[in-house]
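Engineer: Data: input-v4.csv, CSV, C-alpha atoms.
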```
chain,number,residue,atom,x,y,z
A,294,MET,CA,-36.6,-45.0,12.5
A,295,ILE,CA,-35.7,-47.6,9.9
A,296,GLY,CA,-32.4,-45.9,9.2
A,297,ARG,CA,-31.5,-46.0,12.9
A,298,VAL,CA,-32.4,-49.7,13.2
A,299,THR,CA,-30.3,-50.4,10.0
A,300,VAL,CA,-27.3,-48.5,11.4
A,301,ILE,CA,-27.6,-50.4,14.7
A,302,LEU,CA,-27.9,-53.8,12.9
A,303,LEU,CA,-24.9,-53.0,10.7
A,304,GLY,CA,-22.9,-52.1,13.8
A,305,LEU,CA,-23.7,-55.4,15.3
A,306,MET,CA,-22.5,-57.2,12.2
A,307,LEU,CA,-19.1,-55.6,12.0
A,308,PRO,CA,-16.2,-57.9,12.9
A,309,THR,CA,-14.8,-57.6,16.4
A,310,ALA,CA,-11.4,-56.5,15.0
A,311,ALA,CA,-13.2,-53.3,13.8
A,312,PHE,CA,-13.5,-52.3,17.5
A,313,ALA,CA,-10.3,-53.9,18.8
A,314,LYS,CA,-7.4,-51.8,20.1
A,315,PRO,CA,-4.5,-51.6,17.6
A,316,LEU,CA,-1.3,-52.9,19.2
A,317,ASP,CA,0.7,-51.4,16.4
A,318,PRO,CA,2.4,-48.6,18.5
A,319,LEU,CA,3.4,-51.2,21.2
A,320,LEU,CA,4.7,-53.7,18.6
A,321,ASP,CA,6.3,-51.1,16.4
A,322,GLY,CA,9.6,-52.6,15.1
A,323,PHE,CA,8.9,-56.1,16.4
A,324,ASP,CA,8.6,-57.3,12.8
A,325,ASP,CA,11.6,-55.2,11.7
A,326,ALA,CA,14.5,-57.4,12.9
A,327,CYS,CA,13.2,-57.5,16.5
A,328,ASP,CA,13.6,-53.7,17.1
A,329,TYR,CA,11.4,-53.4,20.3
A,330,SER,CA,9.6,-50.2,21.1
A,331,ASP,CA,10.5,-48.7,24.5
A,332,ALA,CA,7.0,-49.7,25.8
A,333,LEU,CA,7.4,-53.3,24.6
A,334,GLY,CA,10.9,-53.6,26.0
A,335,ALA,CA,9.6,-52.4,29.4
A,336,LEU,CA,6.7,-54.9,29.2
A,337,LEU,CA,9.0,-57.8,28.4
A,338,GLN,CA,11.5,-56.8,31.2
A,339,SER,CA,8.7,-56.7,33.7
A,340,SER,CA,7.4,-60.1,32.5
A,341,TYR,CA,10.8,-61.6,33.2
A,342,ALA,CA,10.7,-60.2,36.8
A,343,PHE,CA,7.1,-61.4,37.1
A,344,ALA,CA,8.0,-65.0,36.0
A,345,ARG,CA,10.8,-65.1,38.4
A,346,LYS,CA,8.6,-63.8,41.2
A,347,GLU,CA,10.8,-60.6,41.5
A,348,GLY,CA,8.2,-58.1,40.4
A,349,GLU,CA,4.9,-57.3,38.7
A,350,ILE,CA,3.9,-57.0,35.1
A,351,ALA,CA,4.1,-53.3,34.1
A,352,LEU,CA,1.5,-52.8,31.4
A,353,PRO,CA,2.1,-49.8,29.2
A,354,ALA,CA,-0.2,-46.8,29.7
A,355,GLY,CA,-3.2,-47.1,27.5
A,356,TYR,CA,-3.0,-50.9,27.2
A,357,GLU,CA,-4.3,-51.9,30.6
A,358,ALA,CA,-7.7,-53.1,29.3
A,359,VAL,CA,-6.1,-55.0,26.3
A,360,PHE,CA,-4.4,-57.7,28.4
A,361,GLY,CA,-5.9,-60.3,30.5
A,362,PRO,CA,-4.2,-61.8,33.6
A,363,PRO,CA,-0.7,-63.1,32.8
A,364,THR,CA,0.2,-66.7,33.5
A,365,VAL,CA,3.5,-68.5,34.1
A,366,LYS,CA,4.1,-72.2,33.7
A,367,PRO,CA,7.2,-74.3,33.6
A,368,ASP,CA,8.0,-75.9,30.2
A,369,ASN,CA,11.0,-78.2,30.5
A,370,GLU,CA,13.9,-75.9,31.6
A,371,TYR,CA,12.0,-72.7,30.6
A,372,LEU,CA,9.3,-70.5,32.1
A,373,GLN,CA,6.5,-69.7,29.7
A,374,VAL,CA,4.9,-66.3,30.3
A,375,THR,CA,1.6,-65.8,28.5
A,376,LEU,CA,0.0,-62.3,28.2
A,377,PRO,CA,-3.5,-62.9,26.8
A,378,VAL,CA,-4.8,-60.2,24.6
A,379,VAL,CA,-8.4,-59.5,25.3
A,380,ASP,CA,-9.3,-57.5,22.2
A,381,GLY,CA,-6.3,-56.3,20.1
A,382,THR,CA,-5.0,-56.3,16.6
A,383,TRP,CA,-1.6,-55.9,15.0
A,384,ARG,CA,-1.5,-54.7,11.4
A,385,GLY,CA,-5.3,-55.4,11.3
A,386,VAL,CA,-4.8,-59.1,12.4
A,387,PRO,CA,-6.5,-60.2,15.6
A,388,VAL,CA,-3.9,-61.1,18.3
A,389,LYS,CA,-4.6,-63.9,20.8
A,390,GLU,CA,-1.6,-63.5,23.1
A,391,ILE,CA,2.0,-62.6,23.6
A,392,GLU,CA,4.2,-65.5,24.5
A,393,ILE,CA,7.6,-65.1,26.3
A,394,TYR,CA,10.0,-67.9,27.1
A,395,ILE,CA,12.9,-67.3,29.6
A,396,THR,CA,15.0,-69.4,31.9
A,397,GLU,CA,14.4,-69.5,35.7
A,398,LEU,CA,17.8,-67.9,36.2
A,399,ALA,CA,19.0,-64.9,34.3
A,400,SER,CA,20.6,-66.0,31.0
A,401,GLY,CA,21.0,-65.0,27.4
A,402,PHE,CA,17.9,-66.9,26.4
A,403,SER,CA,15.4,-64.5,24.8
A,404,TYR,CA,12.3,-65.6,22.9
A,405,GLN,CA,9.0,-63.7,22.3
A,406,ALA,CA,6.1,-64.3,20.0
A,407,VAL,CA,2.9,-62.6,19.1
A,408,ILE,CA,0.4,-65.5,18.7
A,409,PHE,CA,-2.6,-65.1,16.4
A,410,PRO,CA,-5.8,-67.1,16.6
A,411,THR,CA,-5.8,-70.2,14.3
A,412,GLU,CA,-8.8,-68.8,12.4
A,413,ALA,CA,-6.7,-65.8,11.5
A,414,LEU,CA,-3.9,-67.9,9.8
A,415,LYS,CA,-4.5,-66.6,6.3
A,416,GLU,CA,-4.7,-63.0,7.5
A,417,ALA,CA,-1.6,-63.3,9.6
A,418,GLU,CA,0.4,-65.0,6.8
A,419,ALA,CA,-0.6,-62.3,4.3
A,420,ALA,CA,0.4,-59.6,6.7
A,421,PHE,CA,3.6,-61.0,8.1
A,422,LYS,CA,5.2,-63.7,5.9
A,423,GLU,CA,7.1,-61.3,3.5
A,424,ARG,CA,7.9,-58.9,6.3
A,425,GLY,CA,9.4,-61.8,8.3
A,426,ILE,CA,11.6,-62.9,5.4
A,427,ALA,CA,12.9,-59.3,5.0
A,428,ALA,CA,13.4,-59.0,8.7
A,429,GLN,CA,15.3,-62.3,8.9
A,430,LYS,CA,17.8,-61.1,6.3
A,431,LYS,CA,18.3,-57.8,8.2
A,432,LEU,CA,18.6,-59.6,11.5
A,433,ALA,CA,21.1,-62.1,10.1
A,434,ALA,CA,23.3,-59.2,8.9
A,435,GLN,CA,23.3,-57.8,12.4
A,436,ASP,CA,24.2,-61.1,14.1
A,437,ASP,CA,28.0,-60.5,14.1
A,438,SER,CA,28.6,-63.1,16.8
A,439,GLY,CA,26.8,-65.9,14.9
A,440,PHE,CA,24.3,-66.8,17.6
A,441,GLY,CA,21.7,-67.7,14.9
A,442,TRP,CA,19.1,-65.1,15.8
A,443,ASP,CA,15.8,-65.8,14.3
A,444,THR,CA,12.7,-63.9,13.4
A,445,GLY,CA,9.7,-64.1,11.2
A,446,PHE,CA,6.3,-65.6,10.6
A,447,ALA,CA,5.8,-69.3,11.5
A,448,VAL,CA,3.1,-71.8,12.4
A,449,ILE,CA,4.2,-74.0,15.4
A,450,GLU,CA,1.8,-76.7,16.7
A,451,GLY,CA,-1.0,-75.1,14.6
A,452,ALA,CA,-0.5,-71.7,16.1
A,453,PRO,CA,0.3,-68.8,13.7
A,454,ARG,CA,2.9,-66.5,15.2
A,455,TYR,CA,5.4,-63.8,14.6
A,456,GLN,CA,8.5,-64.6,16.6
A,457,CYS,CA,11.8,-63.1,17.7
A,458,ASP,CA,14.6,-65.2,19.1
A,459,LEU,CA,17.6,-63.2,20.1
A,460,SER,CA,19.2,-65.7,22.4
A,461,THR,CA,22.9,-65.4,23.0
```
Written as structure tokens, how would this file's structure read?
Structural biologist:
Amino acid sequence: MIGRVTVILLGLMLPTAAFAKPLDPLLDGFDDACDYSDALGALLQSSYAFARKEGEIALPAGYEAVFGPPTVKPDNEYLQVTLPVVDGTWRGVPVKEIEIYITELASGFSYQAVIFPTEALKEAEAAFKERGIAAQKKLAAQDDSGFGWDTGFAVIEGAPRYQCDLST
């Protein structure tokens, strides 16, 4: 009986990330010069339609329980789409939300970010800072038109994030 109680207590003390759903397959390539997986590409495209009231969010199969209800709010000339992550991780780091900025009318503006909780700053930086530096070099080499594409780890307004800006 004592062994069973010990196992139960140990299970209660494990960090939530131990039980969180890994978003790694969905985000595969996002930190490699913004190379989106098919599932992430479809999710982002559906979020654009959702923001413009032209369709619904199409959550990838197997991830339906990971995301909370999406929100859209105007932010100057942009629409900010927030896909809250209920219980997910990326490369072992807890994820708070996926943030997407678009314009109301279709344009070449394209910005997405995976936002981490502020309390996971050190974890996120350790996991993504060097990857982001390498990805930025790779992305810059691909930017033949000189649009100034940007990717990498950043902290903006206190929020740690990994971002991709492929605006044209």
Engineer: Using all atoms listed in the file, which of the listed residues (A:Ala433, A:Ala427, A:Leu336, A:Leu459) sits closest to Asp324 (chain A)?
Structural biologist: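 For Asp324 (chain A), the nearest of the given residues is A:Ala427.
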Engineer: Taking all atoms of region 393-412 of chain A that appear in the file, build a box with edges along x, y and z, extend it by 3 Å on every side, and state its centre and edge lengths in Å to one decimal, as AutoDock Vina command-line options.
Structural biologist:
```
--center_x 6.1 --center_y -66.4 --center_z 24.3 --size_x 35.8 --size_y 13.6 --size_z 29.8
```
Engineer: One number please: CA of Tyr394 (chain A) to CA of Leu372 (chain A), in Å, one decimal.
Structural biologist: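 Interatomic distance, CA of Tyr394 (chain A) to CA of Leu372 (chain A): 5.7 Å.
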Engineer: May I ask which of the residues A:Glu397, A:Glu418, A:Asp325, A:Glu423 is the closest one to Arg454 (chain A), counting all atoms listed in the file?
Structural biologist: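 Among A:Glu397, A:Glu418, A:Asp325, A:Glu423, it is A:Glu418 that comes nearest to Arg454 (chain A).
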Engineer: Determine the nearest neighbour of Gly322 (chain A) from the options A:Pro387, A:Pro362, A:Pro410, A:Gly425, counting all atoms listed in the file.
Structural biologist: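 Selected residue with least distance to Gly322 (chain A): A:Gly425.
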Engineer: For the point (12.5, -67.3, 30.0) in file coordinates, what residues are within 8 Å, counting all atoms listed in the file? Give the answer as a ChimeraX atom specification?
Structural biologist: /A:341,344,371-374,393-397,402-404
Engineer: Determine the nearest neighbour of Glu370 (chain A) from the options A:Val448, A:Cys457, A:Leu398, A:Ala342, counting only C-alpha atoms.
Structural biologist: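 The answer is A:Leu398, which sits nearest to Glu370 (chain A).
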Engineer: Just the residues within 6 Å of Ile350 (chain A), please, counting all atoms listed in the file, with nothing from its chain fewer than 6 positions along; format it as a list in words.
Structural biologist: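 Counting all atoms listed in the file, the residues come to Ser339, Ser340 and Phe343 of chain A.
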Engineer: Quick one: of A:Gly401, A:Pro363, A:Gly451, A:Gly385, who's nearest to Asp317 (chain A), counting only C-alpha atoms?
Structural biologist: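 Closest candidate: A:Gly385.
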Engineer: Quick one: pull the distance between CA of Val407 (chain A) and CA of Gly334 (chain A), Å, one decimal.
Structural biologist: 13.9 Å
Engineer: How many Å lie between CA of Asp380 (chain A) and CA of Gly355 (chain A), rounded to one decimal?
Structural biologist: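 Answer for the CA of Asp380 (chain A) to CA of Gly355 (chain A) separation: 13.2 Å.
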Engineer: Would you list the residues near (7.3, -49.8, 29.8), meaning any protein, DNA or RNA residue with an atom at most 12 Å from that point in file coordinates, counting all atoms listed in the file, as a PyMOL selection string?
Structural biologist: chain A and resi 319+329-340+349-357
Engineer: Okay, now the selection with C-alpha atoms, as a PDB file, keeping the file's coordinate frame?
Structural biologist:
```pdb
ATOM      1  CA  LEU A 319       3.400 -51.200  21.200  1.00  0.00           C
ATOM      2  CA  TYR A 329      11.400 -53.400  20.300  1.00  0.00           C
ATOM      3  CA  SER A 330       9.600 -50.200  21.100  1.00  0.00           C
ATOM      4  CA  ASP A 331      10.500 -48.700  24.500  1.00  0.00           C
ATOM      5  CA  ALA A 332       7.000 -49.700  25.800  1.00  0.00           C
ATOM      6  CA  LEU A 333       7.400 -53.300  24.600  1.00  0.00           C
ATOM      7  CA  GLY A 334      10.900 -53.600  26.000  1.00  0.00           C
ATOM      8  CA  ALA A 335       9.600 -52.400  29.400  1.00  0.00           C
ATOM      9  CA  LEU A 336       6.700 -54.900  29.200  1.00  0.00           C
ATOM     10  CA  LEU A 337       9.000 -57.800  28.400  1.00  0.00           C
ATOM     11  CA  GLN A 338      11.500 -56.800  31.200  1.00  0.00           C
ATOM     12  CA  SER A 339       8.700 -56.700  33.700  1.00  0.00           C
ATOM     13  CA  SER A 340       7.400 -60.100  32.500  1.00  0.00           C
ATOM     14  CA  GLU A 349       4.900 -57.300  38.700  1.00  0.00           C
ATOM     15  CA  ILE A 350       3.900 -57.000  35.100  1.00  0.00           C
ATOM     16  CA  ALA A 351       4.100 -53.300  34.100  1.00  0.00           C
ATOM     17  CA  LEU A 352       1.500 -52.800  31.400  1.00  0.00           C
ATOM     18  CA  PRO A 353       2.100 -49.800  29.200  1.00  0.00           C
ATOM     19  CA  ALA A 354      -0.200 -46.800  29.700  1.00  0.00           C
ATOM     20  CA  GLY A 355      -3.200 -47.100  27.500  1.00  0.00           C
ATOM     21  CA  TYR A 356      -3.000 -50.900  27.200  1.00  0.00           C
ATOM     22  CA  GLU A 357      -4.300 -51.900  30.600  1.00  0.00           C
TER      23      GLU A 357
END
```
Engineer: Please list as a VMD selection string every residue within 7 Å of Leu376 (chain A), counting all atoms listed in the file and excluding residues in the same chain fewer than 2 positions away.
Structural biologist: chain A and resid 360 to 364 374 378 390 to 392
Engineer: If you keep C-alpha atoms, can you produce a file of those selected residues as a PDB file, in the coordinates of the input?
Structural biologist:
```
ATOM      1  CA  PHE A 360      -4.400 -57.700  28.400  1.00  0.00           C
ATOM      2  CA  GLY A 361      -5.900 -60.300  30.500  1.00  0.00           C
ATOM      3  CA  PRO A 362      -4.200 -61.800  33.600  1.00  0.00           C
ATOM      4  CA  PRO A 363      -0.700 -63.100  32.800  1.00  0.00           C
ATOM      5  CA  THR A 364       0.200 -66.700  33.500  1.00  0.00           C
ATOM      6  CA  VAL A 374       4.900 -66.300  30.300  1.00  0.00           C
ATOM      7  CA  VAL A 378      -4.800 -60.200  24.600  1.00  0.00           C
ATOM      8  CA  GLU A 390      -1.600 -63.500  23.100  1.00  0.00           C
ATOM      9  CA  ILE A 391       2.000 -62.600  23.600  1.00  0.00           C
ATOM     10  CA  GLU A 392       4.200 -65.500  24.500  1.00  0.00           C
TER      11      GLU A 392
END
```
Engineer: Between A:Gly445, A:Gly381, A:Gly439, A:Gly348, which residue has the minimum interatomic distance to Pro318 (chain A), considering all atoms listed in the file?
Structural biologist: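 Selected residue with least distance to Pro318 (chain A): A:Gly381.
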Engineer: Any idea what's packed within 12 Å of Lys431 (chain A), counting only C-alpha atoms, ignoring anything in its chain fewer than 2 positions away? Could you give it as a ChimeraX atom specification?
Structural biologist: /A:324-328,424-429,433-437,442-445
